[in-house]
Amino acid sequence: MLLKRLTDACGMPGGEGEVREIIIEEIKPYVDDIKIDRLGNVIATKNGKPGYPKVMIAAHMDEVGLMVKSIDDGGFIKFAQAGGLDERILVSKPVLVGKNKIQGVIGAKAIHLQEKDERETPLKTKQLYIDIGAKSKEDTEKLVKLGDYVAFDSEYVEFGNNLIKAKALDDRAGCAALIETLKHNYDVTIVAAFTVQEEIGLRGATVAAYNINPDIALVLEGTLCSDVSNVPEQSYITKMGDGPAISLMDSRTLFPKNLAKRIFDLAVKNGVDIQYRLPSSGGNDAGAIHTTREGIPCAAISVPCRYIHSPSCVMSKDDFEGLKKVIKLFLEDIKEGEYIRD
Amino acid sequence: MINKDLLKKLLETFGPSGNEETIREVIREEIKDYADEIKVDALGNLIAIKKGNGKKIMVASHMDEIGIMVTNIDENGFLRFTNIGGVSPFTALYQRVMFADGTMGVVGMEKLDEMKDLALSKMFIDIGANSKEEAVKRVNVGDVACFYAPFIQDGDYIMSKALDDRIGCYVAIEALKALKDCPNEVHFVFTVQEEVGLRGAKTAAYGVDPDMGIAIDVTMTGDTPKAKTMDVKMGKGTAIKIKDRSVLAHPTVKKLMIETAKENNIPYQLEILDAGGTDSGAIHLTKSGVPSGVISVPCRYVHSPSEMVSVKDVESSIELLVKVLEK
Amino acid sequence: MLRDLLKELVEAHGVTGFEHEAAKVVEKYFLPYSDEIKIDKMGSLSAIKKGKAQSPKRIMLAAHMDEIGLMVKKIDDKGFIQFTNVGGVDQRTLLTQEVIIHGKKDLFGVIGSKPPHILEASERKKAVKMEDMLIDVGLSKEDVEKYISIGDPITIRRKLMNLQNDMVAGKALDDRAGVAVMYECLKELKNMHHDCDVYAVATVQEEVGYRGAIPATFEISPHIGIAIDVGFGSTPELPKDETSDLGKGPCIGFGANIHPKVYERLVKVAKEYNIPYQQDIYPGATGTDAWGMQITRGGVSTGLISIPLRYMHTSVETVQINDIKNAGKLLAYFIVSLNGEDLEGMLCY
């Protein structure tokens, strides 16, 4: 299963190697050219017919996680965050350290030993450490080195009403949809950019867009979804099960309205569920792409993900299927000469 | 002499960031007889070229204004919203807003225990609809509104919404009209999306690839009661920027502006703005670097529906820009 | 000599945006070891040393020559000067410092504020805010305005000090120490054969967001770019895992901002030539010129070397001279190690 394979793989910002290998293997039979650029982005081209525009489709390979900062005398590992995490979720989680995926746990003082006010105060990253069961600093150093990436150890699980729980659905869901998209043939030329370092500032997309210089761009994402009972409806951002979400505005991009509307209407016309992602903070690769060179028209379509940036992201398979359908509909709808810049 | 009709039109036209279509047409109509070439780029920047054989100079003033976007419409027809650009909840409260089609609304708030808890998430817009059904006939999620306040001129003072930065557009338009013997090739760019992070200026500068950049924008003043220390006063002349958060004015451009002002007896002030930035911040980092500076119009109450500038400062800004471009 | 360069460089003034004087010192010392000196539109200075290959690849070294400082904001009726900061200045380090205001002529002044005797007890417990401090130059408003205008830069008056064990202290060692590393590197390269063209760039405006490095990198379009900056040196109050020790060698950076192959090569070279080094881990932003360089044009393979430095962003920044020498040596041998190398192959993921 592609999604399982992709979410089981680990790829923190700057350390996307494992994900990159899987993606290259998956797309190789379906594309005309694959390049890896200076930052590690995978750029795959699938040629279309002459006279049709060059469409960049971007999904980021990196996920949020941790990085080994130092090892103390007892062999415990101190770490830093790689990408934006809510540090309150860290304590008492299993993790995988380094390329060899050494198992470890993020421990905490037992509740019995805590003062009352300690229980009310979230633990800071600086107070936490990873225990791999080593006896000493030397013992840990045999298996772990400074700078090693640390991922959440979280299994891919299907549950509930056609739902998936996994880590890194942001944005392996987008990667999976992009891989599937490359399996079909289109009139437009597709340049697929599996980008690096989105989580630390859209850095891979910045150089990918500069190199590709597309006529138009599409960003595939896993996005915020807070449609749970104790949140007021105006703060949902997206609703799980209502289909993929088209962005209007986030903190990095004001999306061209006509393009967003075109995709939205196209889905409605073809009976595919779709929703608007409510304007809110956050940002995605579109933020870097649309201001590249002289400017590039850009749309973003996302799968709603509950509990994003945690080991337990949850999304609906139906929304994921919907995303793939909408991409296909849009690519097939683009006419000869459209969006082409002189 | 101030062109009151043009100013009124520029200031009262709708155009929050990302929604500059209407204001772009107003400006295009106004300048079309004066420019040698006019184009619009992918993000929507309006670029008017005045040909010349000398240096290529980019003049940037932004057309967009701050505003709000609707995020939710409740059962009773009230709209929830988020900000586009720097909107303070305290400034927004009980202000009128105007949508693209002219629909008007007022900003209200939930009951709060303390006023300091006020946040946009606790506020809503009332368009006088009695139900969701009635509301969606006029406004939908994703629709955008600007703050509404009519233009007022009384003697030397102008009060309005969107002086940031339609007054800069006005300065650029009047300069374009006034340019006579200009040895340089001037690209007047009316930029989009400045209020959300200088995005229009970034792509425009990449396309224009100028030898020098000059942004025209408003700056704050330190002349109101117990204001934060700032040595810029309204009515004391155009302001030549030294620095803000986005740019340190290039020494050659700064010098050119100061010398030109002195030679022509144009009243000017030197400006250090501790917060905020402007289009030059994006322009000067383009490609191999573009020496850039800023001509500012001192403005009180920036980002409120009642921004205030002095006619004299507007005139000295136009004069300085014309003389600099003709140099 | 390194110490002469350091003294002259650190005592030169070059607040962000006003790097001209520092650039002159850099030019004087770099000229004998380079083929060409260029100053770009933003003011960054490149010393170019040509490589021997037929179509040489370009290696860019970048260390910033700007320093944090202050700027004249207002001259009050009594001739006192109010000021603002350029770059990240800790306001608590400013009280009663001696300063030089760089106007039409340099003026000496002292940063004063209200004496503690007239303060309420509660006021005394609070740090004095920058906006409540004044510079006293001992002149009337009219006299001050003859020499000084709004926007003039201000530096702390400080000579380079020699501490024990080859340590030196002064202002602006962030990042003139890095500039000194490039000097050492160019000196080493003088008698070495290298294929690549080397661009040693003393950048401007790093302290306000690596604004100088971005256009400089665009102009040079290097194949490999290495930033040399300073890192946090260990002091009693800082946790050990967030600092590096002075005198134990330069730090080689690792993380998303650094190309893994550049990192590996730097480590390999250090080991091969017995150059002491330490490691710096960056999970995200490094806040150095490397952060800007990496995503310029179609992307640059970047590296990061930092010199451990104590008391960053104060006027008593402290570094160890041997760390600078070792970093220069490391970079020179790194550049030479690229001779005959297929960079495309080496930098491939």
# chains A, B, ... in the order shown; residues from 1 in each chain; ligands from 1

$ interface_residues --of "chain B" --to "chain A" --cutoff "9 Å" --atoms "only C-alpha atoms" --output "PyMOL selection string"
chain B and resi 17-19+41-43+69-74+80-82+84+121+141-142+193+196-197+199-200+202-208

$ write_last_selection --atoms "C-alpha atoms" --output "compact mmCIF listing (two decimals), in the first residue's frame"
# COMPACT_ATOMS: atom_id res chain seq x y z
CA SER B 17 -4.81 42.85 -1.15
CA GLY B 18 -5.47 40.24 -3.83
CA ASN B 19 -8.57 42.14 -4.98
CA ASP B 41 1.84 40.96 -14.79
CA ALA B 42 0.89 37.54 -13.42
CA LEU B 43 0.17 38.78 -9.90
CA MET B 69 -12.17 38.08 4.37
CA VAL B 70 -15.35 36.24 5.39
CA THR B 71 -14.67 32.83 6.93
CA ASN B 72 -18.08 31.70 8.13
CA ILE B 73 -21.75 32.68 7.99
CA ASP B 74 -23.89 31.59 10.94
CA ARG B 80 -17.14 35.75 10.92
CA PHE B 81 -13.99 37.10 9.32
CA THR B 82 -10.22 37.20 9.32
CA ILE B 84 -6.05 40.75 5.23
CA SER B 121 -12.10 35.84 16.46
CA VAL B 141 -17.36 32.66 2.48
CA GLY B 142 -14.14 33.91 0.90
CA GLN B 193 -0.29 42.63 -2.13
CA VAL B 196 0.53 40.97 3.13
CA GLY B 197 4.30 41.01 2.63
CA ARG B 199 4.60 40.17 -2.69
CA GLY B 200 3.68 42.20 -5.76
CA LYS B 202 8.95 41.15 -5.50
CA THR B 203 7.73 39.72 -8.81
CA ALA B 204 7.43 43.13 -10.46
CA ALA B 205 11.04 44.01 -9.64
CA TYR B 206 12.19 40.66 -11.01
CA GLY B 207 10.42 41.42 -14.28
CA VAL B 208 11.45 45.07 -14.55

$ closest_atom_pairs --of "chain C" --to "chain A" --cutoff "7 Å" --atoms "only C-alpha atoms" --output "Markdown table"
| residue | atom | partner | partner_atom | distance |
| --- | --- | --- | --- | --- |
| C:Asp241 | CA | A:Ser70 | CA | 5.7 |
| C:Phe254 | CA | A:Gly147 | CA | 6.6 |
| C:Gly255 | CA | A:Gly14 | CA | 6.4 |
| C:Ala256 | CA | A:Gly14 | CA | 3.8 |
| C:Ile281 | CA | A:Gly147 | CA | 5.7 |
| C:Pro283 | CA | A:Ala82 | CA | 4.9 |
| C:Gly284 | CA | A:Ile200 | CA | 5.9 |
| C:Ile295 | CA | A:Val207 | CA | 5.7 |
| C:Arg297 | CA | A:Tyr210 | CA | 6.3 |
| C:Gly298 | CA | A:Val207 | CA | 4.6 |
| C:Gly299 | CA | A:Val207 | CA | 5.4 |
| C:Val300 | CA | A:Arg38 | CA | 6.0 |
| C:Ser301 | CA | A:Arg38 | CA | 5.8 |
| C:Tyr349 | CA | A:Gly40 | CA | 6.5 |

$ write_last_selection --atoms "N, CA and C atoms" --output "short mmCIF file (atom, residue, chain, number, x, y, z; two decimals), in the first residue's frame"
data_model
loop_
_atom_site.label_atom_id
_atom_site.label_comp_id
_atom_site.auth_asym_id
_atom_site.auth_seq_id
_atom_site.Cartn_x
_atom_site.Cartn_y
_atom_site.Cartn_z
N ASP C 241 25.06 21.61 26.08
CA ASP C 241 24.68 21.11 24.76
C ASP C 241 24.24 22.21 23.81
N PHE C 254 25.80 21.17 10.84
CA PHE C 254 25.06 20.07 10.21
C PHE C 254 23.57 20.33 10.37
N GLY C 255 22.81 20.04 9.32
CA GLY C 255 21.36 20.22 9.39
C GLY C 255 20.82 20.56 8.02
N ALA C 256 19.53 20.93 7.99
CA ALA C 256 18.85 21.13 6.71
C ALA C 256 19.47 22.26 5.88
N ILE C 281 24.72 21.57 15.57
CA ILE C 281 23.53 20.95 15.01
C ILE C 281 22.44 22.00 14.82
N PRO C 283 18.59 22.09 13.46
CA PRO C 283 17.43 21.40 12.88
C PRO C 283 16.69 22.27 11.87
N GLY C 284 16.85 23.57 11.93
CA GLY C 284 16.15 24.45 10.99
C GLY C 284 17.02 25.62 10.62
N ILE C 295 19.02 29.08 -0.93
CA ILE C 295 17.85 29.08 -1.81
C ILE C 295 17.89 30.19 -2.85
N ARG C 297 18.60 31.61 -6.58
CA ARG C 297 18.42 31.03 -7.93
C ARG C 297 17.90 29.60 -7.80
N GLY C 298 18.57 28.65 -8.46
CA GLY C 298 18.11 27.27 -8.43
C GLY C 298 18.66 26.46 -7.28
N GLY C 299 19.22 27.11 -6.26
CA GLY C 299 19.73 26.39 -5.10
C GLY C 299 21.24 26.27 -5.11
N VAL C 300 21.84 26.41 -3.94
CA VAL C 300 23.29 26.34 -3.80
C VAL C 300 23.62 25.30 -2.72
N SER C 301 24.62 24.47 -2.98
CA SER C 301 25.07 23.52 -1.96
C SER C 301 25.86 24.31 -0.93
N TYR C 349 22.65 13.51 -4.46
CA TYR C 349 22.04 12.90 -3.27
C TYR C 349 21.97 11.38 -3.40
#

$ residues_around --residues "Val316 in chain C" --least-positions-apart "6" --cutoff "10 Å" --atoms "only C-alpha atoms" --output "ChimeraX atom specification"
/C:93,158-161,168-173,310

$ residues_around --residues "Pro53 in chain A" --least-positions-apart "3" --cutoff "12 Å" --atoms "only C-alpha atoms" --output "VMD selection string"
chain A and resid 47 to 50 56 186 to 191 213 to 217 331 to 342

$ closest_atom_pairs --of "chain B" --to "chain C" --cutoff "7 Å" --atoms "only C-alpha atoms" --output "CSV"
residue,atom,partner,partner_atom,distance
B:Met230,CA,C:Lys73,CA,6.9
B:Asp231,CA,C:Lys74,CA,5.8
B:Ile242,CA,C:Gly151,CA,5.9
B:Leu248,CA,C:Gly17,CA,6.3
B:Leu270,CA,C:Ile150,CA,6.4
B:Ile272,CA,C:Lys73,CA,6.6
B:Leu285,CA,C:Pro215,CA,6.0
B:Thr286,CA,C:Pro215,CA,6.8
B:Lys287,CA,C:Pro215,CA,5.7
B:Ser288,CA,C:Pro215,CA,4.2
B:Gly289,CA,C:Pro215,CA,4.9
B:Val290,CA,C:Lys41,CA,6.8
B:Pro291,CA,C:Lys41,CA,6.6

$ write_last_selection --atoms "N, CA and C atoms" --output "mmCIF file, in the first residue's frame"
data_model
loop_
_atom_site.group_PDB
_atom_site.id
_atom_site.type_symbol
_atom_site.label_atom_id
_atom_site.label_comp_id
_atom_site.auth_asym_id
_atom_site.auth_seq_id
_atom_site.Cartn_x
_atom_site.Cartn_y
_atom_site.Cartn_z
ATOM 1 N N MET B 230 9.684 59.812 17.287
ATOM 2 C CA MET B 230 9.970 59.715 15.857
ATOM 3 C C MET B 230 10.040 61.145 15.361
ATOM 4 N N ASP B 231 11.076 61.453 14.620
ATOM 5 C CA ASP B 231 11.282 62.852 14.272
ATOM 6 C C ASP B 231 10.641 63.206 12.939
ATOM 7 N N ILE B 242 15.453 56.730 5.906
ATOM 8 C CA ILE B 242 16.785 56.218 6.250
ATOM 9 C C ILE B 242 16.676 54.711 6.430
ATOM 10 N N LEU B 248 17.331 49.309 4.467
ATOM 11 C CA LEU B 248 18.174 50.444 4.808
ATOM 12 C C LEU B 248 18.393 51.156 3.485
ATOM 13 N N LEU B 270 14.006 63.649 7.474
ATOM 14 C CA LEU B 270 14.626 62.324 7.398
ATOM 15 C C LEU B 270 13.837 61.374 8.290
ATOM 16 N N ILE B 272 13.211 57.679 10.206
ATOM 17 C CA ILE B 272 13.577 56.358 10.730
ATOM 18 C C ILE B 272 12.300 55.746 11.284
ATOM 19 N N LEU B 285 16.388 43.548 -2.870
ATOM 20 C CA LEU B 285 17.022 42.225 -2.807
ATOM 21 C C LEU B 285 16.822 41.435 -4.098
ATOM 22 N N THR B 286 16.330 42.091 -5.146
ATOM 23 C CA THR B 286 16.052 41.391 -6.393
ATOM 24 C C THR B 286 17.335 41.124 -7.172
ATOM 25 N N LYS B 287 17.427 39.906 -7.699
ATOM 26 C CA LYS B 287 18.584 39.497 -8.516
ATOM 27 C C LYS B 287 19.902 39.918 -7.848
ATOM 28 N N SER B 288 20.747 40.659 -8.559
ATOM 29 C CA SER B 288 22.047 41.015 -7.967
ATOM 30 C C SER B 288 21.992 42.245 -7.067
ATOM 31 N N GLY B 289 20.786 42.679 -6.729
ATOM 32 C CA GLY B 289 20.637 43.817 -5.833
ATOM 33 C C GLY B 289 20.278 45.083 -6.595
ATOM 34 N N VAL B 290 19.340 45.847 -6.040
ATOM 35 C CA VAL B 290 18.893 47.083 -6.686
ATOM 36 C C VAL B 290 18.992 48.213 -5.663
ATOM 37 N N PRO B 291 19.896 49.188 -5.875
ATOM 38 C CA PRO B 291 19.952 50.318 -4.948
ATOM 39 C C PRO B 291 18.567 50.967 -4.846
#

$ residues_around --residues "range 88-96 of chain B" --least-positions-apart "2" --cutoff "7 Å" --atoms "only C-alpha atoms" --output "list in words"
Gly86, Met98, Met104, Gly105, Val106, Val107, Gly108, Leu118, Ala119, Leu120, Phe147, Tyr148 and Ser304 of chain B

$ write_last_selection --atoms "N, CA and C atoms" --output "PDB file, in the first residue's frame"
ATOM      1  N   GLY B  86      -2.511  44.129   8.142  1.00  0.00           N
ATOM      2  CA  GLY B  86      -2.503  44.517   9.559  1.00  0.00           C
ATOM      3  C   GLY B  86      -3.780  45.213  10.004  1.00  0.00           C
ATOM      4  N   MET B  98     -17.150  47.546   3.473  1.00  0.00           N
ATOM      5  CA  MET B  98     -17.810  47.563   2.168  1.00  0.00           C
ATOM      6  C   MET B  98     -17.291  46.405   1.328  1.00  0.00           C
ATOM      7  N   MET B 104     -22.875  46.820   2.404  1.00  0.00           N
ATOM      8  CA  MET B 104     -22.256  47.435   3.573  1.00  0.00           C
ATOM      9  C   MET B 104     -22.551  46.604   4.820  1.00  0.00           C
ATOM     10  N   GLY B 105     -21.623  46.678   5.774  1.00  0.00           N
ATOM     11  CA  GLY B 105     -21.841  45.984   7.030  1.00  0.00           C
ATOM     12  C   GLY B 105     -21.163  46.738   8.149  1.00  0.00           C
ATOM     13  N   VAL B 106     -21.420  46.313   9.396  1.00  0.00           N
ATOM     14  CA  VAL B 106     -20.762  46.930  10.536  1.00  0.00           C
ATOM     15  C   VAL B 106     -20.133  45.826  11.378  1.00  0.00           C
ATOM     16  N   VAL B 107     -18.995  46.133  11.996  1.00  0.00           N
ATOM     17  CA  VAL B 107     -18.276  45.145  12.786  1.00  0.00           C
ATOM     18  C   VAL B 107     -18.757  45.204  14.239  1.00  0.00           C
ATOM     19  N   GLY B 108     -19.228  44.093  14.757  1.00  0.00           N
ATOM     20  CA  GLY B 108     -19.662  44.026  16.152  1.00  0.00           C
ATOM     21  C   GLY B 108     -18.818  43.033  16.934  1.00  0.00           C
ATOM     22  N   LEU B 118     -10.369  41.618  23.540  1.00  0.00           N
ATOM     23  CA  LEU B 118     -10.913  41.755  22.184  1.00  0.00           C
ATOM     24  C   LEU B 118      -9.961  41.156  21.150  1.00  0.00           C
ATOM     25  N   ALA B 119     -10.511  40.322  20.281  1.00  0.00           N
ATOM     26  CA  ALA B 119      -9.733  39.710  19.210  1.00  0.00           C
ATOM     27  C   ALA B 119     -10.658  39.542  18.020  1.00  0.00           C
ATOM     28  N   LEU B 120     -10.088  39.485  16.828  1.00  0.00           N
ATOM     29  CA  LEU B 120     -10.924  39.372  15.632  1.00  0.00           C
ATOM     30  C   LEU B 120     -11.824  38.140  15.711  1.00  0.00           C
ATOM     31  N   PHE B 147     -12.494  48.551   4.683  1.00  0.00           N
ATOM     32  CA  PHE B 147     -13.156  49.457   5.618  1.00  0.00           C
ATOM     33  C   PHE B 147     -13.707  50.624   4.822  1.00  0.00           C
ATOM     34  N   TYR B 148     -14.793  51.181   5.318  1.00  0.00           N
ATOM     35  CA  TYR B 148     -15.450  52.234   4.564  1.00  0.00           C
ATOM     36  C   TYR B 148     -15.394  53.526   5.347  1.00  0.00           C
ATOM     37  N   SER B 304      -5.916  52.855   9.933  1.00  0.00           N
ATOM     38  CA  SER B 304      -7.245  53.105  10.503  1.00  0.00           C
ATOM     39  C   SER B 304      -8.106  53.651   9.374  1.00  0.00           C
TER      40      SER B 304
END

$ residues_around --residues "Ile158 in chain B" --least-positions-apart "2" --cutoff "8 Å" --atoms "only C-alpha atoms" --output "NGL selection string"
:B and (151-154 or 156 or 160 or 308-311)

$ atom_distance --atom1 "CA of Tyr210 in chain C" --atom2 "CA of Lys241 in chain B"
20.4 Å

$ residues_around --residues "Pro244 in chain A" --least-positions-apart "5" --cutoff "6 Å" --atoms "only C-alpha atoms" --output "list of chain:residue names"
A:Ile274, A:Ser302, A:Val303, A:Asp319, A:Leu323

$ closest_residue --among "C:Gly253, C:Ser44, C:Val319, C:Arg265" --to "Ser337 in chain C" --atoms "only C-alpha atoms"
C:Arg265

$ atom_distance --atom1 "CA of Pro150 in chain B" --atom2 "CA of Glu319 in chain B"
26.9 Å

$ closest_residue --among "A:Ile22, A:Val55, A:Ala151, A:Ala44" --to "Ser310 in chain A" --atoms "only C-alpha atoms"
A:Ala151

$ select_by_dssp --residues "range 45-225 of chain B" --states "alpha helix (DSSP H)" --output "number ranges by chain"
B: 89-92, 132-136, 163-178, 199-208
